[in-house]
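Worksheet for the structure shown next.
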Amino acid sequence: MTAAEGTDAIAAFNPLRPRLTRVAYRMLGSVAEAEDIVQEAFLRWLDADRDAVREPAAFLHRIVTRLCLDQLKSARRRRETYIGPWLPEPLIVTPEEDIDDVTLPLMMALERLSPLERAVFVLHDVFGVGFEEIAATIRRKPATCRQLASRARANVRSARPRYTLPPDHGMQIASAFFAASRSGDIEALQALLAEDATVYTDGGGKAAAPRRPVIGCDKVMKLFAALAPIFSAYMSRLLHYGLVNGLPGFVSIEEGGRLQTTALQIDGDRIIAIYVTRNPEKLAHLEQNVLH
């Protein structure tokens, strides 16, 4: 490959990289794995007969999707032995940067799908790829892809947001939750929680965290009442408010300088679920952006 050919290949690939990374992330739930997949697609792009490629975007979608399908097989085996609740790696964005409606609960629901159902749902329902192109990508008939999409929608329907929460309102609730949970103000905390509020904490066996979801307002309040002295002793520190996988939330520094993200699923004015990520392996990609 000449220098000019390499430059042309990079110029054609780079505008597509963000979208390809989003596709891979939505399929895998891992920032690091998504970036690795896209880098492998780039290497294959360099080796391809690019003059014979009529539509680079479709060509690269196929490569990324097929690589993700292979990755999902091993990922599902790893998650069967994962310690405690599994949450996707958190993405922190501003409301202006939030470009689709794939929130954290929906990403968790996608875990229930088969790899093919997940691929079809992500490509068609999230990124608007046509069934003919998807059929060529996953080597199935278009009618089969429509059936896969229909089954996927039925399985994840309850996880899709019922309405859009105004960003300012969501951040107000996130701010109130941070203040109440860190100060141990149980009355203020109770006013924010739904009766069936649930806490999911992903420590992955690498950070202290409940290994089962904590379900119900009373149990959630007891949990945060027990944590309040720890937050106080180790001077829990807020770093950033923002959308965490599409949900209002925040990034904080906890005991031992540990980075942590918290995302809140809100129905009306009440928090129905709290998603806390503490596994340091899932937070490494945030350190450069949030801590520096």
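Each chain in the structure tokens gets a letter, A, B, ..., in the order shown, and its residues are numbered from 1; ligands are numbered from 1 in order too.
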Practice problem: Write out as a ChimeraX atom specification all residues of range 8-171 of chain A that DSSP puts in alpha helix (DSSP H) for this structure's backbone. | Solution: /A:8-13,17-28,31-47,56-80,104-110,115-120,131-138,142-156,167-171
Quiz item: Using only C-alpha atoms, which residues sit within 10 Å of Gln71 in chain A once same-chain residues fewer than 3 positions away are excluded, as a PyMOL selection string?
Solution: chain A and resi 27-28+33-34+37+65-68+74-76+115
If we count only C-alpha atoms and set the cut-off at 10 Å, which residues sit around Ile173 in chain A, ignoring sequence neighbours fewer than 4 positions away in its own chain? Please answer as a short mmCIF file (atom, residue, chain, number, x, y, z; two decimals) with N, CA and C atoms, in the first residue's frame.
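Contents of result-v2.cif, as written:
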```
data_model
loop_
_atom_site.label_atom_id
_atom_site.label_comp_id
_atom_site.auth_asym_id
_atom_site.auth_seq_id
_atom_site.Cartn_x
_atom_site.Cartn_y
_atom_site.Cartn_z
N ASP A 168 -33.45 18.88 32.50
CA ASP A 168 -33.26 19.69 33.70
C ASP A 168 -33.91 19.04 34.91
N HIS A 169 -35.10 18.48 34.70
CA HIS A 169 -35.82 17.84 35.80
C HIS A 169 -35.05 16.62 36.29
N PHE A 177 -30.83 13.47 44.96
CA PHE A 177 -30.47 12.13 45.42
C PHE A 177 -29.04 12.10 45.95
N PHE A 178 -28.12 12.75 45.26
CA PHE A 178 -26.74 12.77 45.73
C PHE A 178 -26.68 13.40 47.13
N ALA A 179 -27.36 14.53 47.31
CA ALA A 179 -27.31 15.21 48.60
C ALA A 179 -27.93 14.36 49.71
N LEU A 192 -37.85 10.71 47.50
CA LEU A 192 -37.41 10.56 46.11
C LEU A 192 -37.67 9.17 45.55
N PRO A 248 -30.41 10.18 33.96
CA PRO A 248 -29.79 11.20 34.82
C PRO A 248 -28.90 10.54 35.87
N GLY A 249 -27.74 11.12 36.10
CA GLY A 249 -26.85 10.52 37.08
C GLY A 249 -25.64 11.36 37.34
N LEU A 264 -29.91 6.97 37.46
CA LEU A 264 -31.22 6.89 38.09
C LEU A 264 -32.31 6.73 37.03
N ILE A 266 -36.08 7.09 36.40
CA ILE A 266 -37.10 7.91 37.06
C ILE A 266 -38.44 7.75 36.35
N ASP A 269 -41.84 11.65 39.24
CA ASP A 269 -40.92 12.31 40.16
C ASP A 269 -40.23 11.32 41.09
N ARG A 270 -40.38 10.05 40.83
CA ARG A 270 -39.84 9.04 41.74
C ARG A 270 -38.77 8.18 41.05
N ILE A 271 -37.77 7.83 41.83
CA ILE A 271 -36.70 6.96 41.34
C ILE A 271 -37.15 5.51 41.49
#
```
Quiz item: Neighbours of range 79-82 of chain A within 10 Å (only C-alpha atoms; same-chain residues fewer than 5 positions away dropped), as a PyMOL selection string?
Solution: chain A and resi 74+111+202-205
For the selection just defined, write its residues with C-alpha atoms to a file, as a short mmCIF file (atom, residue, chain, number, x, y, z; two decimals), in the first residue's frame.
```cif
data_model
loop_
_atom_site.label_atom_id
_atom_site.label_comp_id
_atom_site.auth_asym_id
_atom_site.auth_seq_id
_atom_site.Cartn_x
_atom_site.Cartn_y
_atom_site.Cartn_z
CA SER A 74 -17.71 -15.53 24.51
CA GLU A 111 -28.80 -9.12 27.28
CA ASP A 202 -21.89 -3.76 39.71
CA GLY A 203 -18.65 -4.47 41.56
CA GLY A 204 -17.73 -7.52 39.51
CA GLY A 205 -15.94 -9.02 42.49
#
```
Exercise. Within 8 Å of Leu283 in chain A, counting only C-alpha atoms, which residues show up once you throw out same-chain ones fewer than 3 positions away? Write them as a ChimeraX atom specification, please.
Key: /A:89-90,259-260,277-280,286-287
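Between CA of Leu91 in chain A and CA of Val64 in chain A lies a distance of 19.8 Å.
Using only C-alpha atoms, the smallest distance between any of A:His61, A:Arg140, A:His240, A:Lys219 and Ser175 in chain A comes from A:His240.
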Practice problem: Give the answer as one residue: which of A:Leu239, A:Val120, A:Met107, A:Ile83 has the shortest atom-to-atom distance to Ala209 in chain A, using only C-alpha atoms? | Solution: A:Ile83
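The protein and nucleic acid residues lying at most 9 Å from Met171 in chain A are Pro166, Pro167, Ser175, Ala176, Tyr241, Gly242, Leu243, Pro248, Gly249 and Phe250 of chain A, with only C-alpha atoms considered and sequence neighbours fewer than 4 positions away removed.
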Quiz prompt | In range 48-219 of chain A, DSSP strand (DSSP E) residues written as JSON, numbers by chain | solution = {"A": [92, 93, 193, 194, 195, 196, 197, 198, 199, 200, 201, 202, 214, 215]}
